[in-house]
Amino acid sequence: MKDCFLNATLSVLGLGLAFLAPPCRAGLPQPMCIIYGQALDGYGLPYRAGADVILFHGTSEIARQTINGSLAPGVNFALYVHLDDGRGAKPYSPRAVRTGDSVSIVVRDKDGVKTIMESQLVPPVGLPGDLLLLNVTAGQDTDGDGLSDLWEWEIIAWSNGALHNLWEVNGDDDFDGDHMSNRQEYQAGTFAFLDYDALLIEELIPAANGRLRLTFLSVPGITYSVRCATGLSESAWQPCAFSLSDAGAFQTVPVEGPGNWMSLYVPLQEPMCFYHLIAE
Ligand SMILES: [Ca+2]
Ligand SMILES: [Ca+2]
Ligand SMILES: [Ca+2]
């Protein structure tokens, strides 16, 4: 801006220096674009600490988030992308990029820098003010089934020789026979090779104010919500409002698990209702 103003001023003054002055060199800052989401380790569990999510433009680091718990339920990183308006010969800052630029994401944890399974899904830099959601997993998915290699190798190791490679681990199978598929256990953060580890409503009892209390063992960083139905057909299931205490306000937005026993309260419905606990 300053250079442009100087050019114009010198031209108006007729000093004949406008052609000698440098051209507009840099663009101008725009409102930032934010890429945010949940970063998972190689076993599909949300990082709680000890990891950085790093955004690169080419080989230049342009943003970084050191993970320290959650920023919001189901969100442990937010990368603030400095955005240039693209009108100058170069961005206003070495960290600034332009709308449409390609970027990449890596995760650095205690074991070093790791590529993410979703590297092909990283969107180009958005418009000023854009919020771009992208959950990332620090690991590899060699067979392309959405389950990380490390996690699949754990099942193989527990299979007593029944499974031999990644392609034999099927997300729709229920390896440990606990009625949760392998993929459901991956999403819920439970062990898919232990039948006593599963997402279960361990207690369902009446509570005050016409509510039912659902109690379950939560996994840190995993988010939970409730669906309910008066019948068991797939189309009957609807989001169910829940509260965090027997007198609390109802919500449908998923709530994050603290990593120990957790209770959600739902309205007691007559004459009969089924409840389904959802982990994401
Ligand atoms: Ca896989
Ligand atoms: Ca299972
Ligand atoms: Ca299990």
# chains A, B, ... in the order shown; residues from 1 in each chain; ligands from 1
call {"tool": "residues_near_ligand", "arguments": {"ligand": "ligand 3", "cutoff": "10 Å", "atoms": "only C-alpha atoms and all ligand atoms", "output": "list in words"}}
result
Asp174, Phe175, Asp176, Gly177, Asp178, His179, Met180, Ser181, Asn182, Gln184, Glu185, Tyr186, Ala188, Gly189, Thr190, Phe191, Ala192, Phe193, Leu194, Asp195, Tyr196, Asp197, Ala198 and Leu199 of chain A
call {"tool": "write_last_selection", "arguments": {"atoms": "N, CA, C and O atoms", "output": "mmCIF file, in the first residue's frame"}}
result
data_model
loop_
_atom_site.group_PDB
_atom_site.id
_atom_site.type_symbol
_atom_site.label_atom_id
_atom_site.label_comp_id
_atom_site.auth_asym_id
_atom_site.auth_seq_id
_atom_site.Cartn_x
_atom_site.Cartn_y
_atom_site.Cartn_z
ATOM 1 N N ASP A 174 -16.554 -58.601 12.813
ATOM 2 C CA ASP A 174 -16.530 -58.391 14.266
ATOM 3 C C ASP A 174 -15.553 -59.413 14.825
ATOM 4 O O ASP A 174 -15.943 -60.498 15.247
ATOM 5 N N PHE A 175 -14.275 -59.057 14.794
ATOM 6 C CA PHE A 175 -13.221 -60.021 15.119
ATOM 7 C C PHE A 175 -13.393 -60.641 16.507
ATOM 8 O O PHE A 175 -13.245 -61.844 16.685
ATOM 9 N N ASP A 176 -13.728 -59.792 17.505
ATOM 10 C CA ASP A 176 -13.790 -60.314 18.879
ATOM 11 C C ASP A 176 -15.194 -60.731 19.298
ATOM 12 O O ASP A 176 -15.412 -61.145 20.440
ATOM 13 N N GLY A 177 -16.164 -60.600 18.382
ATOM 14 C CA GLY A 177 -17.505 -61.111 18.663
ATOM 15 C C GLY A 177 -18.268 -60.356 19.732
ATOM 16 O O GLY A 177 -19.133 -60.932 20.399
ATOM 17 N N ASP A 178 -17.993 -59.051 19.916
ATOM 18 C CA ASP A 178 -18.708 -58.286 20.952
ATOM 19 C C ASP A 178 -19.862 -57.466 20.381
ATOM 20 O O ASP A 178 -20.386 -56.582 21.037
ATOM 21 N N HIS A 179 -20.249 -57.765 19.157
ATOM 22 C CA HIS A 179 -21.383 -57.129 18.470
ATOM 23 C C HIS A 179 -21.085 -55.702 18.009
ATOM 24 O O HIS A 179 -21.995 -54.989 17.604
ATOM 25 N N MET A 180 -19.846 -55.288 18.100
ATOM 26 C CA MET A 180 -19.418 -54.051 17.440
ATOM 27 C C MET A 180 -18.488 -54.454 16.307
ATOM 28 O O MET A 180 -17.554 -55.246 16.512
ATOM 29 N N SER A 181 -18.733 -53.891 15.121
ATOM 30 C CA SER A 181 -17.840 -54.230 14.010
ATOM 31 C C SER A 181 -16.454 -53.642 14.271
ATOM 32 O O SER A 181 -16.280 -52.740 15.102
ATOM 33 N N ASN A 182 -15.484 -54.159 13.542
ATOM 34 C CA ASN A 182 -14.124 -53.624 13.682
ATOM 35 C C ASN A 182 -14.109 -52.113 13.458
ATOM 36 O O ASN A 182 -13.458 -51.366 14.191
ATOM 37 N N GLN A 184 -16.602 -49.966 13.791
ATOM 38 C CA GLN A 184 -17.260 -49.256 14.900
ATOM 39 C C GLN A 184 -16.324 -49.139 16.100
ATOM 40 O O GLN A 184 -16.302 -48.106 16.768
ATOM 41 N N GLU A 185 -15.544 -50.166 16.339
ATOM 42 C CA GLU A 185 -14.610 -50.104 17.469
ATOM 43 C C GLU A 185 -13.479 -49.112 17.178
ATOM 44 O O GLU A 185 -13.018 -48.394 18.076
ATOM 45 N N TYR A 186 -13.051 -49.053 15.935
ATOM 46 C CA TYR A 186 -12.026 -48.064 15.541
ATOM 47 C C TYR A 186 -12.538 -46.659 15.834
ATOM 48 O O TYR A 186 -11.830 -45.828 16.408
ATOM 49 N N ALA A 188 -14.957 -45.805 17.919
ATOM 50 C CA ALA A 188 -15.283 -45.610 19.329
ATOM 51 C C ALA A 188 -14.050 -45.639 20.215
ATOM 52 O O ALA A 188 -14.136 -45.325 21.411
ATOM 53 N N GLY A 189 -12.908 -46.030 19.663
ATOM 54 C CA GLY A 189 -11.679 -46.085 20.459
ATOM 55 C C GLY A 189 -11.617 -47.266 21.398
ATOM 56 O O GLY A 189 -10.877 -47.255 22.380
ATOM 57 N N THR A 190 -12.392 -48.323 21.101
ATOM 58 C CA THR A 190 -12.332 -49.539 21.926
ATOM 59 C C THR A 190 -11.457 -50.574 21.226
ATOM 60 O O THR A 190 -11.197 -50.483 20.028
ATOM 61 N N PHE A 191 -11.019 -51.568 21.994
ATOM 62 C CA PHE A 191 -10.140 -52.594 21.421
ATOM 63 C C PHE A 191 -10.965 -53.601 20.627
ATOM 64 O O PHE A 191 -11.847 -54.276 21.184
ATOM 65 N N ALA A 192 -10.654 -53.735 19.355
ATOM 66 C CA ALA A 192 -11.422 -54.634 18.493
ATOM 67 C C ALA A 192 -10.986 -56.089 18.650
ATOM 68 O O ALA A 192 -11.563 -56.978 18.039
ATOM 69 N N PHE A 193 -9.988 -56.324 19.515
ATOM 70 C CA PHE A 193 -9.533 -57.702 19.734
ATOM 71 C C PHE A 193 -9.855 -58.179 21.150
ATOM 72 O O PHE A 193 -9.428 -59.250 21.551
ATOM 73 N N LEU A 194 -10.621 -57.359 21.907
ATOM 74 C CA LEU A 194 -11.030 -57.760 23.258
ATOM 75 C C LEU A 194 -12.551 -57.684 23.364
ATOM 76 O O LEU A 194 -13.136 -56.610 23.205
ATOM 77 N N ASP A 195 -13.175 -58.821 23.623
ATOM 78 C CA ASP A 195 -14.641 -58.819 23.636
ATOM 79 C C ASP A 195 -15.216 -58.129 24.865
ATOM 80 O O ASP A 195 -16.404 -57.815 24.905
ATOM 81 N N TYR A 196 -14.390 -57.892 25.887
ATOM 82 C CA TYR A 196 -14.903 -57.187 27.076
ATOM 83 C C TYR A 196 -14.684 -55.680 26.973
ATOM 84 O O TYR A 196 -14.955 -54.943 27.925
ATOM 85 N N ASP A 197 -14.173 -55.225 25.848
ATOM 86 C CA ASP A 197 -14.027 -53.787 25.631
ATOM 87 C C ASP A 197 -14.914 -53.397 24.453
ATOM 88 O O ASP A 197 -14.630 -53.762 23.310
ATOM 89 N N ALA A 198 -15.977 -52.679 24.741
ATOM 90 C CA ALA A 198 -16.914 -52.248 23.704
ATOM 91 C C ALA A 198 -17.673 -51.040 24.240
ATOM 92 O O ALA A 198 -17.671 -50.777 25.455
ATOM 93 N N LEU A 199 -18.312 -50.310 23.340
ATOM 94 C CA LEU A 199 -19.138 -49.179 23.771
ATOM 95 C C LEU A 199 -20.493 -49.714 24.221
ATOM 96 O O LEU A 199 -21.270 -50.202 23.396
#
call {"tool": "residues_near_ligand", "arguments": {"ligand": "ligand 1", "cutoff": "6 Å", "atoms": "only C-alpha atoms and all ligand atoms", "output": "PyMOL selection string"}}
result
chain A and resi 141-149
call {"tool": "closest_residue", "arguments": {"among": "A:Asn209, A:Asp111, A:Ile54, A:Ile155", "to": "ligand 2", "atoms": "only C-alpha atoms and all ligand atoms"}}
result
A:Ile155
call {"tool": "closest_residue", "arguments": {"among": "A:Glu202, A:Gly171, A:Phe242, A:Ser233", "to": "ligand 2", "atoms": "only C-alpha atoms and all ligand atoms"}}
result
A:Gly171
call {"tool": "closest_residue", "arguments": {"among": "A:Leu133, A:Ala236, A:Leu200, A:Val266", "to": "ligand 2", "atoms": "only C-alpha atoms and all ligand atoms"}}
result
A:Leu200
call {"tool": "closest_residue", "arguments": {"among": "A:Trp153, A:Arg183, A:Arg48, A:Asp41", "to": "ligand 2", "atoms": "only C-alpha atoms and all ligand atoms"}}
result
A:Arg183
call {"tool": "residues_around", "arguments": {"residues": "Ser60 (chain A)", "least_positions_apart": "3", "cutoff": "9 Å", "atoms": "only C-alpha atoms", "output": "number ranges by chain"}}
result
A: 55-57, 94-95
call {"tool": "write_last_selection", "arguments": {"atoms": "all heavy atoms", "output": "PDB file, in the first residue's frame"}}
result
ATOM      1  N   LEU A  55       1.167 -27.170   9.152  1.00  0.00           N
ATOM      2  CA  LEU A  55       0.705 -26.894   7.783  1.00  0.00           C
ATOM      3  C   LEU A  55       1.876 -26.376   6.960  1.00  0.00           C
ATOM      4  O   LEU A  55       2.586 -25.463   7.380  1.00  0.00           O
ATOM      5  CB  LEU A  55      -0.414 -25.850   7.828  1.00  0.00           C
ATOM      6  CG  LEU A  55      -1.103 -25.532   6.498  1.00  0.00           C
ATOM      7  CD1 LEU A  55      -1.936 -26.715   6.020  1.00  0.00           C
ATOM      8  CD2 LEU A  55      -1.993 -24.298   6.636  1.00  0.00           C
ATOM      9  N   PHE A  56       2.058 -26.976   5.794  1.00  0.00           N
ATOM     10  CA  PHE A  56       3.143 -26.582   4.888  1.00  0.00           C
ATOM     11  C   PHE A  56       2.576 -26.034   3.576  1.00  0.00           C
ATOM     12  O   PHE A  56       1.553 -26.508   3.073  1.00  0.00           O
ATOM     13  CB  PHE A  56       4.025 -27.792   4.566  1.00  0.00           C
ATOM     14  CG  PHE A  56       5.057 -28.089   5.610  1.00  0.00           C
ATOM     15  CD1 PHE A  56       4.772 -28.979   6.637  1.00  0.00           C
ATOM     16  CD2 PHE A  56       6.302 -27.476   5.575  1.00  0.00           C
ATOM     17  CE1 PHE A  56       5.719 -29.251   7.607  1.00  0.00           C
ATOM     18  CE2 PHE A  56       7.263 -27.746   6.534  1.00  0.00           C
ATOM     19  CZ  PHE A  56       6.975 -28.640   7.558  1.00  0.00           C
ATOM     20  N   HIS A  57       3.282 -25.035   3.049  1.00  0.00           N
ATOM     21  CA  HIS A  57       3.078 -24.597   1.669  1.00  0.00           C
ATOM     22  C   HIS A  57       4.384 -24.902   0.963  1.00  0.00           C
ATOM     23  O   HIS A  57       5.403 -24.242   1.226  1.00  0.00           O
ATOM     24  CB  HIS A  57       2.760 -23.095   1.627  1.00  0.00           C
ATOM     25  CG  HIS A  57       2.568 -22.562   0.247  1.00  0.00           C
ATOM     26  ND1 HIS A  57       3.162 -21.407  -0.206  1.00  0.00           N
ATOM     27  CD2 HIS A  57       1.838 -23.035  -0.795  1.00  0.00           C
ATOM     28  CE1 HIS A  57       2.812 -21.188  -1.457  1.00  0.00           C
ATOM     29  NE2 HIS A  57       2.011 -22.170  -1.838  1.00  0.00           N
ATOM     30  N   PRO A  94       6.140 -14.064   4.486  1.00  0.00           N
ATOM     31  CA  PRO A  94       6.575 -15.408   4.057  1.00  0.00           C
ATOM     32  C   PRO A  94       5.605 -16.507   4.479  1.00  0.00           C
ATOM     33  O   PRO A  94       5.590 -17.575   3.876  1.00  0.00           O
ATOM     34  CB  PRO A  94       7.933 -15.573   4.761  1.00  0.00           C
ATOM     35  CG  PRO A  94       8.384 -14.200   5.075  1.00  0.00           C
ATOM     36  CD  PRO A  94       7.151 -13.383   5.308  1.00  0.00           C
ATOM     37  N   ARG A  95       4.796 -16.270   5.519  1.00  0.00           N
ATOM     38  CA  ARG A  95       3.840 -17.274   5.983  1.00  0.00           C
ATOM     39  C   ARG A  95       2.512 -17.181   5.250  1.00  0.00           C
ATOM     40  O   ARG A  95       1.648 -18.054   5.415  1.00  0.00           O
ATOM     41  CB  ARG A  95       3.579 -17.091   7.482  1.00  0.00           C
ATOM     42  CG  ARG A  95       4.778 -17.368   8.355  1.00  0.00           C
ATOM     43  CD  ARG A  95       4.520 -16.904   9.778  1.00  0.00           C
ATOM     44  NE  ARG A  95       3.489 -17.686  10.443  1.00  0.00           N
ATOM     45  CZ  ARG A  95       3.732 -18.809  11.122  1.00  0.00           C
ATOM     46  NH1 ARG A  95       4.961 -19.270  11.199  1.00  0.00           N
ATOM     47  NH2 ARG A  95       2.757 -19.457  11.703  1.00  0.00           N
TER      48      ARG A  95
END
call {"tool": "atom_distance", "arguments": {"atom1": "CA of Thr99 (chain A)", "atom2": "CA of Leu83 (chain A)"}}
result
7.2 Å
